[in-house]
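K.L.:
Dumping the structure here so I can ask a few things about it.
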Amino acid sequence: MIPLHMIRMGDVVEDITIDSGSSARDVIRQMENAGGFESVNVVNGLDIMESMIHDKECLRFLSFVGATISTGLRGIIRSMIQKGWFDIVITTCGALDHDIARHYSSYNQGSFTMDDGQLAKQDIHRLGNVLVPMSSYGPLIEEKMQSFLQREYNNGVRSMTTADVCSMIGRNIGESSFLYWADKTDTKVIVPGIVDGSVGSQLWMFKQSHPDFVFDIVGDSEILSSYIFKAKRSGALMVGGGISKHHTLWWNQYRGGLDYALYITTANEFDGSLSGAHVREAISWGKVTAGARQATLHSEATIILPFLYAALI
């Protein structure tokens, strides 16, 4: 226990006041002096993001889990990429699946308590409280991916990295897609676990009828190394955990760690999982620098990220 005479108290806790003219930025800035538990990390997160975006010598990463693209958060991710805020995106195959599916079709709102047996009989998949009609997903993605790949093959392409696949998809679909804007802004999209999803399955299926087609997963490492070893500083916004978060941290260890890091998560750290691990744990692995500006924000991403984005713009 710290002796009472050694305790140093911070500033006085102030009330938050909001009126009809208050912007998202105004509200978040007031949280700095509110002493409001997790709200402190919202303020720190905003400061980290502002510094990272405006640091012209910083290599900027965005990582997120694929499920976010099934929701309206796709629009925020798309807009951040469109504005050129990031150089590299690390995500999961589901992000590609949902981006294609929602460009050509639509998902519907549901609830977490729906009868999954009845949904299955109606050929509807449930992703949390988002409903994914089968007609909007598997068969559609298969048709589109096979046509995209055949076009590339006919043009002489015989080898592709995941970055090549993502760029290919972006070139073939329209402005509602985050992959479209990644291709337009030359933002590299890397999917280290691409075989774990519909798009990855289509790559495997395409190879069955085109045995000379090579899927070069190691080629993505060459792309990442070409960026990471030249970076004077690096930073990351990590939305959710899993492989996308870890791959971002893993590659940044090669340059001594991230200098800016904001992690948004709902996971708990008591089980030792990567998804639950706070950013500070990565310091011990050399994946985040000891002096990094870093914060772990415990919030569901579809709630907090729109407000952070609104404050940033």
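By convention in this document, the chains of the structure tokens carry letters A, B, ... by their order, each chain's residues are numbered from 1, and ligands are numbered from 1 in the order they are shown.
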For the structure I just gave you, how does DSSP split range 92-253 of chain A - specifically, which residues are helix (DSSP H, G or I)? Reply as a ChimeraX atom specification.

P.N.:
/A:93-104,116-121,134-136,138-154,162-172,178-184,198-209,219-228,242-253

K.L.:
Might you pull out every residue within 10 Å of Glu222 in chain A, with only C-alpha atoms counted and same-chain residues fewer than 5 positions away left off, and present them as a PyMOL selection string?

P.N.:
chain A and resi 161+217+227

K.L.:
Residues near Lys287 in chain A, anyone? I mean within 7 Å using only C-alpha atoms, not counting same-chain ones fewer than 2 positions away, as a PyMOL selection string.

P.N.:
chain A and resi 249-250+252-253+256-258+282-283+285+289

K.L.:
Go ahead and save the picked residues with N, CA, C and O atoms, as a PDB file, in the first residue's frame.

P.N.:
ATOM      1  N   LEU A 249       1.546  -6.140 -34.808  1.00  0.00           N
ATOM      2  CA  LEU A 249       2.565  -6.079 -33.762  1.00  0.00           C
ATOM      3  C   LEU A 249       3.817  -6.852 -34.169  1.00  0.00           C
ATOM      4  O   LEU A 249       4.951  -6.399 -33.945  1.00  0.00           O
ATOM      5  N   TRP A 250       3.623  -8.023 -34.755  1.00  0.00           N
ATOM      6  CA  TRP A 250       4.743  -8.893 -35.118  1.00  0.00           C
ATOM      7  C   TRP A 250       5.716  -8.185 -36.051  1.00  0.00           C
ATOM      8  O   TRP A 250       6.932  -8.209 -35.844  1.00  0.00           O
ATOM      9  N   ASN A 252       6.103  -5.010 -36.547  1.00  0.00           N
ATOM     10  CA  ASN A 252       6.712  -3.810 -35.983  1.00  0.00           C
ATOM     11  C   ASN A 252       7.828  -4.106 -34.995  1.00  0.00           C
ATOM     12  O   ASN A 252       8.611  -3.204 -34.678  1.00  0.00           O
ATOM     13  N   GLN A 253       7.933  -5.341 -34.548  1.00  0.00           N
ATOM     14  CA  GLN A 253       9.064  -5.685 -33.687  1.00  0.00           C
ATOM     15  C   GLN A 253      10.389  -5.583 -34.447  1.00  0.00           C
ATOM     16  O   GLN A 253      11.449  -5.368 -33.857  1.00  0.00           O
ATOM     17  N   GLY A 256      11.881  -2.269 -33.868  1.00  0.00           N
ATOM     18  CA  GLY A 256      11.976  -1.851 -32.474  1.00  0.00           C
ATOM     19  C   GLY A 256      10.652  -1.541 -31.819  1.00  0.00           C
ATOM     20  O   GLY A 256      10.604  -1.150 -30.656  1.00  0.00           O
ATOM     21  N   GLY A 257       9.541  -1.693 -32.564  1.00  0.00           N
ATOM     22  CA  GLY A 257       8.219  -1.517 -31.974  1.00  0.00           C
ATOM     23  C   GLY A 257       7.485  -0.284 -32.468  1.00  0.00           C
ATOM     24  O   GLY A 257       8.072   0.636 -33.065  1.00  0.00           O
ATOM     25  N   LEU A 258       6.180  -0.275 -32.227  1.00  0.00           N
ATOM     26  CA  LEU A 258       5.328   0.861 -32.595  1.00  0.00           C
ATOM     27  C   LEU A 258       5.637   2.076 -31.723  1.00  0.00           C
ATOM     28  O   LEU A 258       5.887   1.951 -30.517  1.00  0.00           O
ATOM     29  N   ALA A 282       2.756  -5.645 -25.061  1.00  0.00           N
ATOM     30  CA  ALA A 282       3.597  -5.788 -26.245  1.00  0.00           C
ATOM     31  C   ALA A 282       4.955  -5.112 -26.084  1.00  0.00           C
ATOM     32  O   ALA A 282       5.888  -5.409 -26.828  1.00  0.00           O
ATOM     33  N   ILE A 283       5.090  -4.198 -25.110  1.00  0.00           N
ATOM     34  CA  ILE A 283       6.385  -3.563 -24.842  1.00  0.00           C
ATOM     35  C   ILE A 283       7.411  -4.618 -24.446  1.00  0.00           C
ATOM     36  O   ILE A 283       8.564  -4.571 -24.867  1.00  0.00           O
ATOM     37  N   TRP A 285       7.701  -7.536 -25.436  1.00  0.00           N
ATOM     38  CA  TRP A 285       8.088  -8.332 -26.599  1.00  0.00           C
ATOM     39  C   TRP A 285       8.850  -7.503 -27.631  1.00  0.00           C
ATOM     40  O   TRP A 285       9.246  -8.023 -28.691  1.00  0.00           O
ATOM     41  N   THR A 289       7.382   0.326 -28.532  1.00  0.00           N
ATOM     42  CA  THR A 289       8.513   0.933 -27.842  1.00  0.00           C
ATOM     43  C   THR A 289       8.133   1.319 -26.416  1.00  0.00           C
ATOM     44  O   THR A 289       6.968   1.617 -26.128  1.00  0.00           O
TER      45      THR A 289
END

K.L.:
So that I can check the surroundings of Gly94 in chain A, please list as a list in words every protein, DNA and RNA residue that reaches within 7 Å of it, counting only C-alpha atoms and ignoring chain neighbours fewer than 6 positions away.

P.N.:
Gly66, Ala67 and Gly197 of chain A

K.L.:
Include N, CA and C atoms and write out the residues we just selected as a PDB file, in the first residue's frame.

P.N.:
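Generated file (again.pdb):
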ATOM      1  N   GLY A  66     -12.660  -8.950 -39.506  1.00  0.00           N
ATOM      2  CA  GLY A  66     -13.550  -8.928 -40.652  1.00  0.00           C
ATOM      3  C   GLY A  66     -15.000  -8.615 -40.330  1.00  0.00           C
ATOM      4  N   ALA A  67     -15.459  -8.996 -39.149  1.00  0.00           N
ATOM      5  CA  ALA A  67     -16.875  -8.810 -38.808  1.00  0.00           C
ATOM      6  C   ALA A  67     -17.309  -7.355 -38.873  1.00  0.00           C
ATOM      7  N   GLY A 197     -11.720 -18.252 -45.052  1.00  0.00           N
ATOM      8  CA  GLY A 197     -12.851 -17.453 -45.492  1.00  0.00           C
ATOM      9  C   GLY A 197     -13.234 -17.793 -46.911  1.00  0.00           C
TER      10      GLY A 197
END

K.L.:
Name the residues in contact with Ser275 in chain A at a cut-off of 10 Å, using only C-alpha atoms, excluding same-chain residues fewer than 3 positions from it; report them as a VMD selection string.

P.N.:
chain A and resid 240 to 246 263 to 269 271 to 272 278

K.L.:
Write down as an MDAnalysis selection string the residues of range 178-269 of chain A whose backbone DSSP state falls under strand (DSSP E or B).

P.N.:
chainID A and resid 188:190 214:215 233:239 258:265

K.L.:
I want to know what sits within 8 Å of Ser111 in chain A, based on only C-alpha atoms, with residues of the same chain fewer than 5 positions away left out; could you give that as a list in words?

P.N.:
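So, after excluding close chain neighbours, the residues are Gly128, Asn129 and Val130 of chain A.
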
K.L.:
Excluding same-chain residues fewer than 6 positions from Asp164 in chain A, what lies within 10 Å of it counting only C-alpha atoms, as number ranges by chain?

P.N.:
A: 170, 183, 188-190, 215-216, 219-220

K.L.:
Using only C-alpha atoms, can you tell me which of A:Asn44, A:Ser225, A:Gln30, A:Ser20 comes closest to Leu262 in chain A?

P.N.:
A:Asn44

K.L.:
Measuring atom to atom with only C-alpha atoms, identify which of A:Thr113, A:Ser105, A:Ser167, A:Ala310 is nearest to Gly138 in chain A.

P.N.:
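Among A:Thr113, A:Ser105, A:Ser167, A:Ala310, it is A:Ser105 that comes nearest to Gly138 in chain A.
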